[in-house]
Amino acid sequence: MGAAKKLWKNFETMTDLTYVMRKGYEVCGVYVRDKEDAKEVHVSPDLLLRQESTAEHSARVANLLSEVMVWYPMYFSGVDTFLAMKTALNHDVGEVKVGDVCDDGNRAHDLKADAEWRAVKDFYENLPTKIRDTMLDYHRQFEDCSTLLGQTIKMVDKLDAIGRLILYEKRGLYGDVYYKNPPSEQDVKFAEDVGTGNCTDVWARHMQNLFDKYDFRPQVVGVAKDFLTVGLQSIGKPFFSWWQ
């Protein structure tokens with residue numbers, strides 16, 4: 001029964017993750033201010049008010065990573081691809097204990113790191129030792145962006161958010177960070193950098209800033225740029241003119 005107990009514990013944790021709401025996707029905060037505004041863009045206010053759970057995001061991140069590894073296998077020599085995908089699936093599991101904080105320069109986002117890491121370790125304790133150790137290593141690579149694998153997981157984590165914004169634009173929804181009450185200093189800085197409050201541009205600028213800060217490998221940046229180019233083309237937009 002030992003294995004079954006560990007299976008149950010992590011099943012329970014991942015189920016709890018479906019009730020942790022993503023702060024970055026409080027859509028009502030960046031799209032429209034009220035239902036009257038919703039009428040102007042011809043969408044249901046219910047769509048604009050719907051939050052998404054961390055589990056939804058995690059599933060997409062794991063799927064996107066798996067497909068990156070399918071199409072770019074040359075970048076992942078020596079990587080246990082199954083455990084890499086599981087790391088992506090579980091990358092936000094610590095939020096079951098600490099909740100989600102929007103990554104918009106909010107100091108609380110960094111302050112929760114230690115508590116979140118302890119929660120991640122508790123989750124991995126329910127796995128066999130060899131798998132646990134590899135996943136802790138992969139998770140740490142993701143957190144500190146220290147390797148090509150860690151950078152790739154971080155990249156797909158951020159791409160998921162930007163991809164969602166592009167898909168909202170496909171439905172006529174154009175987010176603006178200046179709708180936030182109030183926008184963060186980081187929001188304003190990146191908006192000024194790109195010359196617009198449009199969420200798609202601002203969050204892409206945030207990702208580009210991470211690329212520069214952690215000296216992301218050219219291969220990882222190239223995958224991100226190609227992905228975003230195709231996504232933007234799907235809504236009739238060129239790649240970001242401000243991207244250097």
# chains A, B, ... in the order shown; residues from 1 in each chain; ligands from 1
>>> select_by_dssp(residues="segment 42-164 of chain A", states="helix (DSSP H, G or I)", output="ChimeraX atom specification")
/A:45-49,54-71,73-75,81-89,95-98,107-111,113-124,129-144,148-164
>>> write_last_selection(atoms="C-alpha atoms", output="PDB file, in the first residue's frame")
ATOM      1  CA  PRO A  45     -18.707  39.403 -19.749  1.00  0.00           C
ATOM      2  CA  ASP A  46     -18.545  35.830 -18.414  1.00  0.00           C
ATOM      3  CA  LEU A  47     -15.581  35.123 -20.695  1.00  0.00           C
ATOM      4  CA  LEU A  48     -13.784  38.207 -19.482  1.00  0.00           C
ATOM      5  CA  LEU A  49     -14.383  37.375 -15.833  1.00  0.00           C
ATOM      6  CA  THR A  54      -2.719  26.879 -12.314  1.00  0.00           C
ATOM      7  CA  ALA A  55      -3.414  23.268 -13.304  1.00  0.00           C
ATOM      8  CA  GLU A  56      -4.751  24.384 -16.706  1.00  0.00           C
ATOM      9  CA  HIS A  57      -1.620  26.410 -17.303  1.00  0.00           C
ATOM     10  CA  SER A  58       0.628  23.561 -16.136  1.00  0.00           C
ATOM     11  CA  ALA A  59      -0.980  21.091 -18.535  1.00  0.00           C
ATOM     12  CA  ARG A  60      -0.369  23.413 -21.477  1.00  0.00           C
ATOM     13  CA  VAL A  61       3.222  24.047 -20.420  1.00  0.00           C
ATOM     14  CA  ALA A  62       3.949  20.321 -20.204  1.00  0.00           C
ATOM     15  CA  ASN A  63       2.348  19.739 -23.592  1.00  0.00           C
ATOM     16  CA  LEU A  64       4.265  22.597 -25.199  1.00  0.00           C
ATOM     17  CA  LEU A  65       7.556  21.353 -23.756  1.00  0.00           C
ATOM     18  CA  SER A  66       6.855  17.845 -25.042  1.00  0.00           C
ATOM     19  CA  GLU A  67       6.283  19.190 -28.532  1.00  0.00           C
ATOM     20  CA  VAL A  68       9.402  21.368 -28.429  1.00  0.00           C
ATOM     21  CA  MET A  69      11.363  18.230 -27.544  1.00  0.00           C
ATOM     22  CA  VAL A  70       9.711  16.342 -30.416  1.00  0.00           C
ATOM     23  CA  TRP A  71      10.697  18.978 -33.003  1.00  0.00           C
ATOM     24  CA  PRO A  73      15.458  16.675 -30.170  1.00  0.00           C
ATOM     25  CA  MET A  74      19.040  17.760 -30.893  1.00  0.00           C
ATOM     26  CA  TYR A  75      18.859  20.192 -27.961  1.00  0.00           C
ATOM     27  CA  THR A  81      12.469  13.605 -21.547  1.00  0.00           C
ATOM     28  CA  PHE A  82       9.759  11.931 -19.469  1.00  0.00           C
ATOM     29  CA  LEU A  83      11.006  13.521 -16.264  1.00  0.00           C
ATOM     30  CA  ALA A  84      11.536  16.837 -18.041  1.00  0.00           C
ATOM     31  CA  MET A  85       7.870  16.815 -19.110  1.00  0.00           C
ATOM     32  CA  LYS A  86       6.817  15.822 -15.592  1.00  0.00           C
ATOM     33  CA  THR A  87       8.869  18.701 -14.216  1.00  0.00           C
ATOM     34  CA  ALA A  88       7.007  21.057 -16.546  1.00  0.00           C
ATOM     35  CA  LEU A  89       3.688  19.557 -15.484  1.00  0.00           C
ATOM     36  CA  GLU A  95       1.472  27.201  -5.361  1.00  0.00           C
ATOM     37  CA  VAL A  96      -0.849  24.763  -3.621  1.00  0.00           C
ATOM     38  CA  LYS A  97       0.784  26.010  -0.408  1.00  0.00           C
ATOM     39  CA  VAL A  98       1.646  29.611  -1.256  1.00  0.00           C
ATOM     40  CA  ARG A 107       8.106  41.782  -4.443  1.00  0.00           C
ATOM     41  CA  ALA A 108       5.845  39.089  -2.987  1.00  0.00           C
ATOM     42  CA  HIS A 109       6.585  36.968  -6.067  1.00  0.00           C
ATOM     43  CA  ASP A 110      10.223  36.634  -5.011  1.00  0.00           C
ATOM     44  CA  LEU A 111       9.501  36.416  -1.293  1.00  0.00           C
ATOM     45  CA  ALA A 113      10.308  31.390  -3.388  1.00  0.00           C
ATOM     46  CA  ASP A 114      11.604  29.592  -0.284  1.00  0.00           C
ATOM     47  CA  ALA A 115       8.178  28.453   0.877  1.00  0.00           C
ATOM     48  CA  GLU A 116       7.304  27.335  -2.642  1.00  0.00           C
ATOM     49  CA  TRP A 117      10.545  25.337  -2.920  1.00  0.00           C
ATOM     50  CA  ARG A 118       9.760  23.536   0.356  1.00  0.00           C
ATOM     51  CA  ALA A 119       6.330  22.630  -1.001  1.00  0.00           C
ATOM     52  CA  VAL A 120       7.880  21.327  -4.225  1.00  0.00           C
ATOM     53  CA  LYS A 121      10.289  19.154  -2.222  1.00  0.00           C
ATOM     54  CA  ASP A 122       7.390  17.795  -0.167  1.00  0.00           C
ATOM     55  CA  PHE A 123       5.598  16.843  -3.385  1.00  0.00           C
ATOM     56  CA  TYR A 124       8.647  15.089  -4.831  1.00  0.00           C
ATOM     57  CA  THR A 129      14.493   8.352  -4.748  1.00  0.00           C
ATOM     58  CA  LYS A 130      16.234   8.335  -8.152  1.00  0.00           C
ATOM     59  CA  ILE A 131      13.288  10.026  -9.878  1.00  0.00           C
ATOM     60  CA  ARG A 132      12.907  12.498  -7.017  1.00  0.00           C
ATOM     61  CA  ASP A 133      16.564  13.543  -7.201  1.00  0.00           C
ATOM     62  CA  THR A 134      16.448  14.053 -10.975  1.00  0.00           C
ATOM     63  CA  MET A 135      13.253  16.066 -10.777  1.00  0.00           C
ATOM     64  CA  LEU A 136      14.607  18.260  -7.988  1.00  0.00           C
ATOM     65  CA  ASP A 137      17.628  18.902 -10.194  1.00  0.00           C
ATOM     66  CA  TYR A 138      15.464  19.711 -13.223  1.00  0.00           C
ATOM     67  CA  HIS A 139      13.198  21.928 -11.137  1.00  0.00           C
ATOM     68  CA  ARG A 140      16.165  23.855  -9.790  1.00  0.00           C
ATOM     69  CA  GLN A 141      17.457  24.313 -13.350  1.00  0.00           C
ATOM     70  CA  PHE A 142      14.038  25.741 -14.234  1.00  0.00           C
ATOM     71  CA  GLU A 143      14.071  28.120 -11.290  1.00  0.00           C
ATOM     72  CA  ASP A 144      17.564  29.506 -11.868  1.00  0.00           C
ATOM     73  CA  LEU A 148      19.453  24.759 -21.706  1.00  0.00           C
ATOM     74  CA  LEU A 149      16.747  22.486 -20.260  1.00  0.00           C
ATOM     75  CA  GLY A 150      15.935  24.881 -17.424  1.00  0.00           C
ATOM     76  CA  GLN A 151      15.794  27.798 -19.836  1.00  0.00           C
ATOM     77  CA  THR A 152      13.525  25.844 -22.164  1.00  0.00           C
ATOM     78  CA  ILE A 153      11.046  25.050 -19.394  1.00  0.00           C
ATOM     79  CA  LYS A 154      11.079  28.703 -18.312  1.00  0.00           C
ATOM     80  CA  MET A 155      10.630  29.779 -21.926  1.00  0.00           C
ATOM     81  CA  VAL A 156       7.582  27.567 -22.523  1.00  0.00           C
ATOM     82  CA  ASP A 157       6.160  28.712 -19.174  1.00  0.00           C
ATOM     83  CA  LYS A 158       6.247  32.310 -20.425  1.00  0.00           C
ATOM     84  CA  LEU A 159       5.243  31.412 -23.988  1.00  0.00           C
ATOM     85  CA  ASP A 160       2.046  29.848 -22.677  1.00  0.00           C
ATOM     86  CA  ALA A 161       0.947  33.173 -21.218  1.00  0.00           C
ATOM     87  CA  ILE A 162       1.831  35.163 -24.333  1.00  0.00           C
ATOM     88  CA  GLY A 163       0.212  32.562 -26.589  1.00  0.00           C
ATOM     89  CA  ARG A 164      -2.996  32.891 -24.593  1.00  0.00           C
TER      90      ARG A 164
END
>>> closest_atom_pairs(of="segment 166-202 of chain A", to="segment 215-229 of chain A", cutoff="12 Å", atoms="only C-alpha atoms", output="JSON lines")
{"residue": "A:Ile166", "atom": "CA", "partner": "A:Leu228", "partner_atom": "CA", "distance": 8.9}
{"residue": "A:Leu167", "atom": "CA", "partner": "A:Leu228", "partner_atom": "CA", "distance": 11.4}
{"residue": "A:Thr200", "atom": "CA", "partner": "A:Leu228", "partner_atom": "CA", "distance": 10.4}
{"residue": "A:Asp201", "atom": "CA", "partner": "A:Leu228", "partner_atom": "CA", "distance": 11.0}
>>> closest_residue(among="A:Thr18, A:Ser184, A:Asn209, A:Asn198", to="Glu52 of chain A", atoms="only C-alpha atoms")
A:Thr18
